[in-house]
Every structure is written in structure tokens, then in C-alpha cells.
$ cat start29.txt   # compact mmCIF, C-alpha atoms and all ligand atoms
# COMPACT_ATOMS: atom_id res chain seq x y z
CA MET A 1 -0.80 -32.45 4.62
CA ALA A 2 0.52 -29.85 2.25
CA ALA A 3 -2.05 -27.55 0.68
CA PHE A 4 0.08 -27.01 -2.42
CA PRO A 5 1.75 -30.42 -2.87
CA GLU A 6 2.55 -29.85 -6.54
CA ILE A 7 4.72 -26.81 -5.75
CA THR A 8 8.11 -27.04 -4.13
CA ARG A 9 9.56 -23.56 -4.41
CA ILE A 10 9.13 -20.97 -7.16
CA GLY A 11 12.58 -20.47 -8.63
CA PHE A 12 14.23 -17.90 -10.86
CA GLU A 13 14.74 -19.31 -14.36
CA GLY A 14 15.44 -16.14 -16.37
CA PRO A 15 13.62 -14.38 -19.21
CA GLN A 16 13.91 -17.34 -21.60
CA SER A 17 11.99 -19.70 -19.32
CA LYS A 18 8.66 -21.02 -20.55
CA ASN A 19 7.71 -22.34 -17.12
CA PRO A 20 4.66 -20.41 -15.86
CA LEU A 21 5.54 -21.38 -12.30
CA ALA A 22 8.96 -19.70 -12.34
CA PHE A 23 10.24 -16.16 -12.07
CA ARG A 24 11.66 -14.74 -15.25
CA TYR A 25 12.83 -11.44 -13.74
CA TYR A 26 12.62 -11.61 -9.95
CA ASN A 27 15.98 -12.94 -8.85
CA ALA A 28 16.03 -12.24 -5.11
CA ASP A 29 19.81 -12.16 -4.69
CA GLU A 30 20.60 -10.15 -7.81
CA LEU A 31 22.04 -6.72 -7.10
CA VAL A 32 20.44 -3.59 -8.52
CA GLU A 33 22.09 -0.30 -7.60
CA GLY A 34 24.12 -2.22 -5.02
CA ARG A 35 21.14 -3.71 -3.19
CA THR A 36 19.47 -7.10 -3.65
CA MET A 37 16.13 -7.27 -5.40
CA ARG A 38 14.76 -8.87 -2.24
CA ASP A 39 15.68 -5.79 -0.22
CA HIS A 40 14.58 -3.29 -2.85
CA LEU A 41 11.15 -4.77 -3.36
CA ARG A 42 10.29 -6.26 0.03
CA PHE A 43 7.36 -8.19 -1.43
CA SER A 44 4.43 -8.87 0.84
CA VAL A 45 1.40 -11.14 0.51
CA VAL A 46 -1.90 -9.91 1.94
CA TYR A 47 -3.90 -12.25 4.12
CA TRP A 48 -7.31 -10.74 3.39
CA HIS A 49 -7.47 -11.27 -0.36
CA THR A 50 -5.20 -14.27 -0.69
CA PHE A 51 -6.49 -16.34 2.23
CA ARG A 52 -9.90 -14.86 2.96
CA GLY A 53 -11.07 -13.90 -0.50
CA THR A 54 -13.85 -16.13 -1.72
CA GLY A 55 -14.34 -14.68 -5.18
CA SER A 56 -17.74 -13.27 -4.32
CA ASP A 57 -18.89 -10.05 -5.97
CA PRO A 58 -22.07 -7.95 -5.60
CA PHE A 59 -23.77 -10.21 -8.14
CA GLY A 60 -22.91 -13.63 -6.87
CA PRO A 61 -21.32 -15.82 -4.23
CA GLY A 62 -17.77 -17.03 -3.94
CA THR A 63 -16.28 -19.42 -6.46
CA ALA A 64 -12.85 -20.05 -4.95
CA GLN A 65 -11.80 -23.63 -4.24
CA ARG A 66 -9.83 -23.68 -1.02
CA PRO A 67 -9.69 -27.36 -0.05
CA TRP A 68 -7.91 -26.65 3.24
CA GLU A 69 -10.95 -24.74 4.59
CA ASP A 70 -13.37 -26.82 6.68
CA GLY A 71 -16.17 -24.34 6.10
CA SER A 72 -16.41 -23.32 9.75
CA ASP A 73 -15.59 -20.09 11.53
CA SER A 74 -13.64 -21.94 14.22
CA VAL A 75 -10.31 -21.01 15.71
CA GLU A 76 -8.94 -24.41 14.59
CA ASN A 77 -9.83 -23.66 10.99
CA ALA A 78 -8.18 -20.25 11.34
CA GLN A 79 -5.04 -21.80 12.79
CA ASN A 80 -4.88 -24.36 10.00
CA ARG A 81 -5.38 -21.61 7.43
CA ALA A 82 -2.47 -19.69 8.99
CA ARG A 83 -0.22 -22.70 8.39
CA VAL A 84 -1.45 -22.92 4.80
CA ALA A 85 -0.74 -19.22 4.35
CA PHE A 86 2.85 -19.69 5.43
CA GLU A 87 3.24 -22.72 3.19
CA PHE A 88 2.13 -20.53 0.29
CA ILE A 89 4.28 -17.52 1.15
CA GLU A 90 7.33 -19.70 1.75
CA LYS A 91 6.93 -21.57 -1.54
CA LEU A 92 6.42 -18.28 -3.34
CA GLY A 93 9.51 -16.79 -1.72
CA ALA A 94 7.98 -13.53 -0.52
CA PRO A 95 9.72 -12.19 2.58
CA PHE A 96 6.67 -10.46 4.14
CA TYR A 97 2.93 -10.63 4.74
CA ALA A 98 0.27 -8.24 6.04
CA PHE A 99 -3.07 -8.77 7.76
CA HIS A 100 -6.09 -7.22 9.49
CA ASP A 101 -6.94 -8.60 12.92
CA ARG A 102 -10.23 -10.02 11.64
CA ASP A 103 -8.65 -11.72 8.63
CA VAL A 104 -6.66 -14.07 10.78
CA ALA A 105 -9.06 -14.92 13.59
CA PRO A 106 -12.86 -15.10 13.98
CA GLU A 107 -14.80 -12.62 16.09
CA GLY A 108 -16.20 -14.05 19.31
CA ALA A 109 -19.38 -13.24 21.24
CA ASN A 110 -17.74 -10.22 22.87
CA LEU A 111 -14.48 -8.28 22.84
CA ALA A 112 -12.77 -10.51 25.40
CA GLU A 113 -13.54 -13.67 23.45
CA THR A 114 -12.51 -12.01 20.19
CA ASN A 115 -9.17 -11.07 21.74
CA ARG A 116 -8.66 -14.65 22.93
CA ASN A 117 -9.38 -15.96 19.45
CA LEU A 118 -6.83 -13.56 18.03
CA ASP A 119 -4.22 -14.64 20.56
CA ALA A 120 -4.77 -18.29 19.66
CA VAL A 121 -4.08 -17.62 15.97
CA VAL A 122 -1.25 -15.15 16.61
CA LYS A 123 0.49 -17.95 18.47
CA VAL A 124 0.50 -19.97 15.23
CA LEU A 125 1.55 -16.95 13.15
CA LYS A 126 4.48 -16.44 15.47
CA GLU A 127 5.53 -20.08 15.24
CA GLU A 128 5.28 -19.95 11.47
CA GLN A 129 7.28 -16.70 11.29
CA GLN A 130 10.00 -18.36 13.34
CA ARG A 131 9.92 -21.53 11.27
CA THR A 132 10.13 -19.75 7.91
CA GLY A 133 11.81 -16.39 8.59
CA ILE A 134 8.87 -14.64 6.90
CA LYS A 135 8.17 -11.28 8.55
CA LEU A 136 5.17 -9.07 9.12
CA LEU A 137 5.31 -5.95 6.91
CA TRP A 138 2.40 -4.38 8.73
CA GLY A 139 -0.62 -5.13 10.79
CA THR A 140 -3.95 -3.34 10.84
CA ALA A 141 -7.41 -3.53 12.36
CA ASN A 142 -10.58 -4.08 10.39
CA LEU A 143 -12.72 -1.13 11.50
CA PHE A 144 -15.20 -1.35 8.66
CA SER A 145 -16.86 -4.77 8.32
CA ASN A 146 -18.71 -5.20 11.60
CA PRO A 147 -22.11 -3.41 11.59
CA ARG A 148 -21.09 -1.43 14.69
CA TYR A 149 -18.91 0.59 12.32
CA MET A 150 -21.67 1.36 9.83
CA HIS A 151 -21.22 5.10 10.46
CA GLY A 152 -17.45 4.90 10.75
CA ALA A 153 -15.14 3.99 13.61
CA ALA A 154 -12.99 6.91 14.77
CA THR A 155 -15.42 9.24 12.96
CA SER A 156 -18.61 7.59 14.17
CA PRO A 157 -21.33 9.73 15.75
CA ASN A 158 -21.57 6.88 18.28
CA ALA A 159 -18.90 7.50 20.93
CA GLU A 160 -18.92 3.83 21.95
CA ALA A 161 -18.13 2.77 18.41
CA PHE A 162 -15.07 5.03 18.73
CA ALA A 163 -14.25 3.41 22.08
CA PHE A 164 -14.61 -0.10 20.68
CA ALA A 165 -12.38 0.82 17.74
CA ALA A 166 -9.80 2.17 20.19
CA ALA A 167 -9.85 -1.11 22.09
CA GLN A 168 -9.49 -3.00 18.83
CA VAL A 169 -6.51 -0.93 17.65
CA LYS A 170 -4.90 -1.23 21.07
CA LYS A 171 -5.02 -5.00 20.72
CA ALA A 172 -3.91 -4.87 17.08
CA LEU A 173 -0.88 -2.79 18.07
CA GLU A 174 0.02 -5.26 20.79
CA THR A 175 -0.34 -8.08 18.28
CA THR A 176 1.75 -6.30 15.66
CA LYS A 177 4.45 -5.71 18.25
CA GLU A 178 4.30 -9.33 19.37
CA LEU A 179 4.89 -10.37 15.75
CA ASP A 180 7.67 -7.81 15.34
CA GLY A 181 5.78 -6.00 12.57
CA ALA A 182 7.72 -3.38 10.62
CA GLY A 183 4.68 -1.13 10.45
CA TYR A 184 1.04 -0.50 11.16
CA VAL A 185 -1.53 0.84 8.66
CA PHE A 186 -4.61 2.98 9.07
CA TRP A 187 -6.93 2.73 6.14
CA GLY A 188 -10.06 4.69 6.99
CA GLY A 189 -12.55 2.06 5.88
CA ARG A 190 -15.73 4.00 6.64
CA GLU A 191 -14.12 7.19 7.90
CA GLY A 192 -16.00 9.51 5.61
CA TYR A 193 -19.60 10.29 4.82
CA GLN A 194 -22.49 9.30 2.60
CA ASN A 195 -24.19 12.66 2.84
CA LEU A 196 -23.52 15.97 4.57
CA TRP A 197 -27.05 16.53 5.89
CA ASN A 198 -26.33 14.23 8.80
CA THR A 199 -22.58 14.84 9.14
CA ASP A 200 -20.53 17.16 11.35
CA MET A 201 -17.36 17.01 9.30
CA LYS A 202 -15.21 19.16 11.55
CA ARG A 203 -16.09 17.13 14.62
CA GLU A 204 -15.44 13.85 12.80
CA LEU A 205 -12.01 15.03 11.64
CA ASP A 206 -11.13 16.16 15.18
CA HIS A 207 -12.07 12.70 16.42
CA LEU A 208 -10.03 10.97 13.76
CA ALA A 209 -6.97 13.02 14.75
CA LYS A 210 -7.57 12.28 18.43
CA PHE A 211 -7.77 8.58 17.61
CA LEU A 212 -4.48 8.62 15.71
CA HIS A 213 -2.77 10.52 18.52
CA MET A 214 -3.98 7.87 20.96
CA ALA A 215 -2.46 5.21 18.72
CA VAL A 216 0.86 7.05 18.55
CA ASP A 217 0.87 7.48 22.33
CA TYR A 218 0.03 3.84 22.98
CA ALA A 219 2.70 2.61 20.57
CA LYS A 220 5.21 4.67 22.52
CA GLU A 221 3.93 3.31 25.80
CA ILE A 222 4.34 -0.33 24.77
CA GLY A 223 7.56 0.26 22.87
CA PHE A 224 6.20 -0.52 19.40
CA ALA A 225 8.75 1.14 17.13
CA GLY A 226 7.20 0.20 13.76
CA GLN A 227 6.28 2.84 11.21
CA PHE A 228 2.69 4.13 11.15
CA TYR A 229 1.06 4.69 7.78
CA ILE A 230 -2.14 6.19 6.54
CA GLU A 231 -3.57 4.78 3.31
CA PRO A 232 -5.38 7.25 1.05
CA LYS A 233 -8.55 6.27 -0.80
CA PRO A 234 -11.13 8.72 -2.13
CA LYS A 235 -14.33 6.68 -1.97
CA GLU A 236 -15.72 3.19 -1.48
CA PRO A 237 -17.32 2.19 0.78
CA THR A 238 -18.28 5.78 1.59
CA LYS A 239 -19.02 8.42 -1.02
CA HIS A 240 -16.22 10.55 0.33
CA GLN A 241 -13.39 9.20 2.48
CA TYR A 242 -11.54 11.80 4.51
CA ASP A 243 -8.18 10.27 3.55
CA SER A 244 -9.04 10.94 -0.06
CA ASP A 245 -5.60 11.23 -1.63
CA ALA A 246 -1.97 11.80 -0.69
CA ALA A 247 -2.33 15.59 -0.59
CA ALA A 248 -5.49 15.44 1.54
CA CYS A 249 -3.80 13.03 3.96
CA LEU A 250 -0.72 15.23 4.24
CA ASN A 251 -2.86 18.27 4.92
CA PHE A 252 -4.80 16.42 7.60
CA LEU A 253 -1.63 15.09 9.22
CA ARG A 254 -0.04 18.53 9.20
CA GLU A 255 -3.11 20.27 10.58
CA TYR A 256 -3.27 17.90 13.52
CA ASP A 257 0.48 17.63 14.25
CA LEU A 258 0.60 14.02 13.11
CA LEU A 259 3.06 14.40 10.23
CA PRO A 260 6.09 13.36 12.29
CA HIS A 261 4.38 10.09 13.16
CA LEU A 262 2.81 8.80 9.96
CA LYS A 263 3.92 8.14 6.42
CA LEU A 264 1.72 7.19 3.50
CA ASN A 265 0.88 3.73 2.22
CA LEU A 266 -0.12 4.38 -1.38
CA GLU A 267 -2.32 2.05 -3.41
CA THR A 268 -2.48 2.19 -7.19
CA ASN A 269 -6.19 1.51 -7.53
CA HIS A 270 -6.93 4.17 -4.91
CA ALA A 271 -4.83 6.67 -6.82
CA THR A 272 -6.80 6.09 -9.99
CA LEU A 273 -10.12 6.22 -8.13
CA ALA A 274 -8.96 9.65 -6.92
CA GLY A 275 -8.39 10.74 -10.50
CA HIS A 276 -4.61 10.61 -10.15
CA THR A 277 -1.87 8.39 -11.42
CA MET A 278 0.12 6.32 -8.95
CA GLN A 279 3.17 8.28 -10.07
CA HIS A 280 1.44 11.49 -8.98
CA GLU A 281 0.65 10.08 -5.55
CA LEU A 282 4.20 8.80 -5.11
CA GLU A 283 5.64 12.19 -6.05
CA VAL A 284 3.29 14.06 -3.68
CA ALA A 285 4.26 11.75 -0.81
CA GLY A 286 7.95 11.66 -1.73
CA ALA A 287 8.24 15.43 -1.90
CA ALA A 288 6.87 15.63 1.65
CA GLY A 289 9.27 12.97 2.91
CA ALA A 290 6.27 10.73 3.59
CA LEU A 291 6.61 7.96 1.01
CA GLY A 292 6.33 4.89 3.21
CA SER A 293 5.01 1.81 1.47
CA ILE A 294 2.87 0.77 -1.47
CA ASP A 295 -0.17 -1.42 -1.90
CA ALA A 296 0.61 -2.83 -5.29
CA ASN A 297 -2.37 -3.54 -7.49
CA THR A 298 -4.18 -2.01 -10.41
CA GLY A 299 -7.69 -1.06 -11.37
CA ASP A 300 -9.48 -1.58 -14.64
CA MET A 301 -10.11 1.53 -16.72
CA LEU A 302 -13.49 0.16 -17.80
CA LEU A 303 -14.73 -0.79 -14.32
CA GLY A 304 -15.31 2.02 -11.86
CA TRP A 305 -14.47 0.36 -8.57
CA ASP A 306 -11.52 -0.92 -6.54
CA THR A 307 -11.02 -4.12 -8.53
CA ASP A 308 -7.64 -4.79 -6.86
CA GLN A 309 -6.13 -6.67 -9.77
CA PHE A 310 -2.57 -7.89 -9.74
CA PRO A 311 -0.21 -5.39 -11.37
CA THR A 312 1.24 -6.67 -14.63
CA ASP A 313 1.80 -3.42 -16.52
CA VAL A 314 5.55 -2.83 -16.74
CA TYR A 315 5.06 0.83 -17.59
CA LEU A 316 3.25 1.25 -14.26
CA THR A 317 5.79 -0.71 -12.23
CA THR A 318 8.63 1.25 -13.85
CA GLN A 319 7.00 4.51 -12.77
CA CYS A 320 6.53 3.16 -9.25
CA MET A 321 10.11 2.03 -8.91
CA LEU A 322 11.51 5.24 -10.41
CA SER A 323 9.79 7.22 -7.67
CA VAL A 324 10.71 4.72 -4.96
CA LEU A 325 14.40 4.81 -5.98
CA LYS A 326 14.32 8.58 -6.32
CA TYR A 327 13.23 8.95 -2.70
CA GLY A 328 15.84 6.54 -1.39
CA GLY A 329 14.05 3.18 -1.55
CA PHE A 330 11.91 1.44 1.03
CA THR A 331 12.99 1.39 4.63
CA SER A 332 10.13 -0.04 6.69
CA GLY A 333 7.74 -0.34 3.74
CA GLY A 334 7.56 -2.63 0.75
CA VAL A 335 5.58 -3.79 -2.26
CA ASN A 336 2.46 -5.23 -0.66
CA PHE A 337 0.16 -7.05 -3.08
CA ASP A 338 -3.21 -5.72 -2.00
CA ALA A 339 -4.64 -7.63 -4.94
CA LYS A 340 -6.96 -10.52 -5.55
CA VAL A 341 -7.35 -13.18 -8.18
CA ARG A 342 -10.40 -12.82 -10.40
CA ARG A 343 -13.62 -14.64 -9.55
CA GLU A 344 -13.06 -16.79 -12.62
CA SER A 345 -9.56 -17.80 -11.43
CA PHE A 346 -10.85 -20.07 -8.71
CA GLU A 347 -8.15 -22.71 -8.27
CA PRO A 348 -5.45 -22.50 -5.57
CA ILE A 349 -2.72 -22.55 -8.20
CA ASP A 350 -4.06 -19.23 -9.56
CA LEU A 351 -2.75 -17.63 -6.37
CA PHE A 352 0.76 -18.56 -7.50
CA TYR A 353 0.32 -17.32 -11.06
CA ALA A 354 -1.04 -14.02 -9.76
CA HIS A 355 1.81 -13.34 -7.36
CA ILE A 356 4.50 -14.52 -9.76
CA GLY A 357 3.16 -12.08 -12.35
CA GLY A 358 3.10 -9.18 -9.91
CA MET A 359 6.58 -9.92 -8.59
CA ASP A 360 8.04 -10.27 -12.06
CA ALA A 361 6.35 -7.04 -13.20
CA PHE A 362 7.89 -5.17 -10.26
CA ALA A 363 11.28 -6.81 -10.74
CA ARG A 364 11.25 -5.64 -14.36
CA GLY A 365 10.08 -2.21 -13.28
CA LEU A 366 12.97 -2.03 -10.83
CA LYS A 367 15.55 -3.02 -13.43
CA ILE A 368 14.17 -0.62 -16.02
CA ALA A 369 14.05 2.20 -13.48
CA ALA A 370 17.66 1.51 -12.53
CA ALA A 371 18.63 1.55 -16.22
CA ILE A 372 16.88 4.88 -16.75
CA ARG A 373 18.72 6.31 -13.77
CA ALA A 374 22.08 4.90 -14.88
CA ASP A 375 21.62 6.31 -18.37
CA GLY A 376 20.80 9.72 -16.90
CA ARG A 377 19.26 11.36 -19.98
CA LEU A 378 15.81 11.74 -18.43
CA GLU A 379 17.17 13.29 -15.26
CA GLU A 380 19.53 15.51 -17.25
CA PHE A 381 16.64 16.83 -19.32
CA ARG A 382 14.56 17.50 -16.23
CA ARG A 383 17.49 19.23 -14.55
CA SER A 384 18.36 21.40 -17.52
CA ARG A 385 14.72 22.45 -17.89
CA TYR A 386 15.17 24.43 -14.68
CA ALA A 387 18.57 25.88 -15.63
CA SER A 388 17.23 29.44 -15.36
CA TRP A 389 16.97 28.83 -11.60
CA ASP A 390 20.60 27.74 -11.28
CA GLY A 391 22.15 31.19 -11.74
CA GLY A 392 21.29 34.84 -12.25
CA LEU A 393 17.82 36.03 -11.39
CA GLY A 394 16.41 32.55 -10.62
CA ALA A 395 19.13 31.75 -8.11
CA GLU A 396 18.63 35.17 -6.51
CA ILE A 397 14.87 34.54 -6.16
CA GLU A 398 15.48 31.12 -4.61
CA ALA A 399 17.96 32.69 -2.21
CA GLY A 400 15.30 35.16 -1.05
CA LYS A 401 17.01 38.23 -2.49
CA HIS A 402 13.95 39.54 -4.30
CA ASP A 403 10.45 40.86 -3.76
CA PHE A 404 7.68 41.99 -6.11
CA LYS A 405 9.19 45.45 -6.46
CA SER A 406 12.68 44.29 -7.43
CA LEU A 407 11.22 41.74 -9.85
CA GLU A 408 9.08 44.43 -11.43
CA GLN A 409 12.25 46.54 -11.84
CA ALA A 410 14.06 43.62 -13.47
CA MET A 411 11.22 42.98 -15.94
CA LEU A 412 10.73 46.66 -16.68
CA ARG A 413 14.40 46.77 -17.61
CA LYS A 414 14.18 43.65 -19.81
CA GLY A 415 10.74 44.36 -21.27
CA ASP A 416 9.74 40.67 -21.45
CA ALA A 417 10.66 37.27 -20.05
CA ALA A 418 13.24 35.14 -21.85
CA PRO A 419 11.75 32.80 -24.49
CA ASN A 420 10.51 29.37 -23.32
CA GLN A 421 12.00 26.04 -24.33
CA SER A 422 10.08 23.02 -25.56
CA GLY A 423 8.84 20.57 -22.90
CA ARG A 424 9.71 17.71 -25.31
CA GLN A 425 7.00 15.41 -23.94
CA GLU A 426 6.96 13.17 -27.00
CA MET A 427 10.73 12.92 -27.15
CA LEU A 428 10.80 11.86 -23.49
CA GLU A 429 8.00 9.33 -23.97
CA ASN A 430 9.99 7.87 -26.85
CA LEU A 431 13.07 7.79 -24.66
CA ILE A 432 11.23 5.85 -21.93
CA ASN A 433 10.05 3.31 -24.50
CA THR A 434 13.63 2.59 -25.51
CA TYR A 435 14.24 1.04 -22.08
CA LEU A 436 11.15 -1.20 -22.05
C1 LIG B 1 -9.14 -1.23 0.86
C2 LIG B 1 -7.79 -1.09 1.37
C3 LIG B 1 -7.44 -2.07 2.47
C4 LIG B 1 -6.22 -1.61 3.21
C5 LIG B 1 -6.02 -2.24 4.54
O1 LIG B 1 -9.49 -0.71 -0.19
O2 LIG B 1 -6.88 -1.16 0.33
O3 LIG B 1 -7.28 -3.33 1.95
O4 LIG B 1 -5.07 -1.80 2.46
O5 LIG B 1 -7.08 -1.98 5.39
NI NI B 2 -4.82 -1.32 0.50
NI NI B 3 -7.92 -1.00 -1.83

$ encode --input "start29.txt" --output "C-alpha cells"
Amino acid sequence: MAAFPEITRIGFEGPQSKNPLAFRYYNADELVEGRTMRDHLRFSVVYWHTFRGTGSDPFGPGTAQRPWEDGSDSVENAQNRARVAFEFIEKLGAPFYAFHDRDVAPEGANLAETNRNLDAVVKVLKEEQQRTGIKLLWGTANLFSNPRYMHGAATSPNAEAFAFAAAQVKKALETTKELDGAGYVFWGGREGYQNLWNTDMKRELDHLAKFLHMAVDYAKEIGFAGQFYIEPKPKEPTKHQYDSDAAACLNFLREYDLLPHLKLNLETNHATLAGHTMQHELEVAGAAGALGSIDANTGDMLLGWDTDQFPTDVYLTTQCMLSVLKYGGFTSGGVNFDAKVRRESFEPIDLFYAHIGGMDAFARGLKIAAAIRADGRLEEFRRSRYASWDGGLGAEIEAGKHDFKSLEQAMLRKGDAAPNQSGRQEMLENLINTYL
């Protein structure tokens, strides 16, 4: 029996449509800069929020109505849920999904049983992928919910917690390969600290690097060619997460010779928790050649935690897509909705409204970004702002023809630097608004 009998397939009806169950901007086959919107955006539905979220919060239990759930933690229920998930993703028209090992299958009494449970559900996921053509954007392991990971996983002071996490990631990599996943994500759930009195930070970071190297080596061994990502987040659940922002991740990866193996999976709400904009994080990653994928969501300025709301702000999605296009577009990555419906939006149909809104916001962002690029005035302003580096002294400095002494000579001769030009922030903000 269908879980969403009232929905056939969400279609594109154009901006004039008044149908809340239709796309007004996301037109999968439409070409933007010579590439389909489907291929530009590579939308992905997350299993954890969309199919495991209950609507609970720290102040009360779940509210979500999910009539297909039988209320048990059985493998059968998990297999049925997997079929429902694919019904949803297919009707929505998203080409990808993403999951943690523990989202899809229940834990057993021990590791062996847990692995068997996972295999039993992965069998269904594989069938459903084949039936629908929906692909796995990335897999990951949940190394943060089980109490064994209370002090962290790869950074735990308990060596056997590290070992268990290694076994879990080994299996998750095998599973991701089995499902032909395009990538694999490390989000350091509890890889951080609550206080430094009990923490050997250097040793924990060494362990984290060792863990990631083991993952890279094992992927090579089994022939998993998907892209690895690390997902920055500054805090929550720990006070300080080691992967705190894009720059901290890049520094860590560089220090431990991991940069060739991992790109970044950037999440909007994590960026803002870090005190940055998503645009900042995208530019930091892009400049390092490490912009891999995005977890598309948004926080709430008036709530201080990772609220994981669906992104609907076109200004935000325009910024995201400008950076993504600037750095050549997604290859293995995509726009992964790491977002959840609000506790008050408890009906199954709300899952459709939420994803339609996010997809349309990104489709608009893509089209606006492409228009800004085609128009060229923004880029031309930015380029001309650096004109002093294109010839004369600037070009000589860039070419390595100067040192402090020669520059002192040049400025002694001139007496002062050339006058500055206006940054024109307001003019540029006005320009951006003309495209919206
Ligand atoms: C949590 C993270 C998590 C990762 C995957 O805040 O966003 O959902 O994306 O482990
Ligand atoms: Ni995320
Ligand atoms: Ni998050």
C-alpha cells in the first residue's frame, strides 16, 4: 500500500502556478549554463531527518504522524520504511539520498547482529535504487548516538571505542560501495571536548587523523572510489568540535597529509553556528580546491542551536549557487537537504511541502546566480578593484620580483601610496537586488 497515495509525482508548473504541490522554479531538464538543473543541483533527501525524525525536542516527545511505522525497532519495519522512503523520493523527483548506517537499520545485541541487520535493509535499498534509478549521494556512520561514544569515537580516551568505530566505518564503507555511493561523509559528532581539564587535545587530534587515514586506506583496498568529505561544525553536541569550520578542517587535513583525500561538506546552519556566513565557508573551501558538497538547510537567528530548517531564503541560495558555479559546479557532491520539518508540521504531506520549498529556493538561486554571471557587472567590478595588481608594481610583486628593500625604494621615491577607490558596497548590494 502506498504511503503517499494522494501524490503521484511532483511536477514543474512554472512561476504562475498556485498549486502548493508543484515546482514553480525547479524544472529538472531545463538548461542553465549548458547543464540541466538536475545535474547542477543534484538534490538529495536525508534519511535521518525525513524518515527517522519524530519531531521530538528537548522539551517534549515526537509529534510526527508516520502511519507506515509499526512502532517497533524490527528489521521488517526498517525494510518497509526503506520502501516508503523511495516512494517519497521518487514522487518528489530528487535524484539522490543520504543516510547514516543507524538510520536505516536497527542496532542488534552485538556488532555481528548489527551488521546483519544492516545487510538486510541494504538489500532493500539496493532493490529500490535499481527500481527507481535514485542514487546514493553519500553514506556515513553514526558515531555519536550510542553511549559507547559518549567521549567521542575516533577521539575517545577509550581505545576500544576507537576500535568499535573503526569496525563500524569499515562496514559503512563496504555498504556505501555496495550501493555505489558517490561519496562518504565524516561529521565528527562527538569528536571534540566539553572541557580541557580532562582532555589531551593533541593526542585526540592524532587519533582522529589516524582514523581518517585508515578509512582512506581501506577504501583503496576495497576499491571504493567515492569522494570523502569532512563536515565542519563548531559545537553541538560538544562545546568545541575539532572540525569547527572550513578553515580549521583545512588546517587539520593539511597538517596530517589528508588534504588530497578529503573535500568539505559544508552545512549552512553549521556555518552560522561558527559565526560565519555560508558564503564565507564556501569561499574558504573553494579557494583551497576543497568545495565538495553542501548540506542545505538554515538556522534561525533567534534560536541558538542547529535547528536544521529547510532553506527558503533566495538571497542565501543565490550566494550558495554563485560560489558553487564559480568553483566549477558539483562533481560528486550535491545539494543535500540536511533539514527537518518543524515539530508543529507533523503530517506526512509536510515532508513534500518542505522539500518542494527547498528545491524551488535552490532552483531560483541557481537561475539568479547564472543571470548575475551572464550580466558580468559584479565580476567586472571585483576584477577592476584589483587592477593595480594587473600591471606595474603589483604585477612585479606577484611575479616575485620584489622584496622589502625594493618596495621601500619604490615608496620612498613616490612618497605615498596611490589613492584608494571606493568599495561601493551599497551600489553592489543594490545591483544584486536587481536580479532577485
Ligand atoms: C549534524 C550533522 C549530521 C551530518 C551527518 O549536525 O549535520 O547530520 O550531516 O552525520
Ligand atoms: Ni549535516
Ligand atoms: Ni547539522

$ residues_near_ligand --input "start29.txt" --ligand "ligand NI 3 (chain B)" --cutoff "9 Å" --atoms "only C-alpha atoms and all ligand atoms" --output "list of chain:residue names"
A:Trp187, A:Glu231, A:Lys233, A:Glu236, A:Glu267, A:Thr268, A:Asn269, A:His270, A:Asp295, A:Asn297, A:Asp306, A:Thr307, A:Asp308, A:Asp338, A:Ala339

$ closest_residue --input "start29.txt" --among "A:Val185, A:Met411, A:Val324, A:Leu262" --to "ligand NI 2 (chain B)" --atoms "all atoms listed in the file"
A:Val185

$ closest_residue --input "start29.txt" --among "A:Gly192, A:Pro419, A:Gly133, A:Gly183" --to "Gly292 (chain A)" --atoms "only C-alpha atoms"
A:Gly183

$ closest_residue --input "start29.txt" --among "A:Ser332, A:Thr317, A:Ser406, A:Thr140" --to "Ala182 (chain A)" --atoms "only C-alpha atoms"
A:Ser332

$ atom_distance --input "start29.txt" --atom1 "CA of Gly333 (chain A)" --atom2 "CA of Gly188 (chain A)"
18.8 Å

$ residues_around --input "start29.txt" --residues "region 243-254 of chain A" --least-positions-apart "4" --cutoff "6 Å" --atoms "only C-alpha atoms" --output "NGL selection string"
:A and (232-234 or 258-259 or 281)

$ residues_around --input "start29.txt" --residues "Asn433 (chain A)" --least-positions-apart "5" --cutoff "12 Å" --atoms "all atoms listed in the file" --output "PyMOL selection string"
chain A and resi 314-315+318+368-369+372+378+426-428

$ residues_around --input "start29.txt" --residues "Ala166 (chain A)" --least-positions-apart "3" --cutoff "12 Å" --atoms "only C-alpha atoms" --output "PyMOL selection string"
chain A and resi 111+141-143+153-156+159-163+169-173+207-208+210-216+218

$ atom_distance --input "start29.txt" --atom1 "CA of His240 (chain A)" --atom2 "CA of Thr298 (chain A)"
20.4 Å

$ closest_residue --input "start29.txt" --among "A:Gly357, A:Pro61, A:Gly189, A:Gly289" --to "ligand NI 2 (chain B)" --atoms "all atoms listed in the file"
A:Gly189

$ residues_around --input "start29.txt" --residues "Gly304 (chain A)" --least-positions-apart "5" --cutoff "10 Å" --atoms "only C-alpha atoms" --output "PyMOL selection string"
chain A and resi 272-273+299

$ axis_aligned_box --input "start29.txt" --around "ligand LIG 1 (chain B)" --padding-each-side "8 Å" --output "AutoDock Vina command-line options"
--center_x -7.3 --center_y -2.0 --center_z 2.6 --size_x 20.4 --size_y 18.6 --size_z 21.6

$ atom_distance --input "start29.txt" --atom1 "CA of Glu76 (chain A)" --atom2 "CA of Val104 (chain A)"
11.3 Å

$ closest_residue --input "start29.txt" --among "A:Leu431, A:Leu303, A:Ala271, A:Ala287" --to "ligand LIG 1 (chain B)" --atoms "all atoms listed in the file"
A:Ala271

$ closest_residue --input "start29.txt" --among "A:Phe346, A:Tyr327, A:Trp305, A:Trp197" --to "ligand LIG 1 (chain B)" --atoms "all atoms listed in the file"
A:Trp305

$ residues_around --input "start29.txt" --residues "Thr114 (chain A)" --least-positions-apart "2" --cutoff "12 Å" --atoms "all atoms listed in the file" --output "compact mmCIF listing (two decimals) with C-alpha atoms, keeping the file's coordinate frame"
# COMPACT_ATOMS: atom_id res chain seq x y z
CA SER A 74 -13.64 -21.94 14.22
CA VAL A 75 -10.31 -21.01 15.71
CA ASP A 101 -6.94 -8.60 12.92
CA ARG A 102 -10.23 -10.02 11.64
CA VAL A 104 -6.66 -14.07 10.78
CA ALA A 105 -9.06 -14.92 13.59
CA PRO A 106 -12.86 -15.10 13.98
CA GLU A 107 -14.80 -12.62 16.09
CA GLY A 108 -16.20 -14.05 19.31
CA ALA A 109 -19.38 -13.24 21.24
CA ASN A 110 -17.74 -10.22 22.87
CA LEU A 111 -14.48 -8.28 22.84
CA ALA A 112 -12.77 -10.51 25.40
CA ARG A 116 -8.66 -14.65 22.93
CA ASN A 117 -9.38 -15.96 19.45
CA LEU A 118 -6.83 -13.56 18.03
CA ASP A 119 -4.22 -14.64 20.56
CA ALA A 120 -4.77 -18.29 19.66
CA VAL A 121 -4.08 -17.62 15.97
CA ALA A 167 -9.85 -1.11 22.09
CA GLN A 168 -9.49 -3.00 18.83
CA LYS A 171 -5.02 -5.00 20.72
CA ALA A 172 -3.91 -4.87 17.08
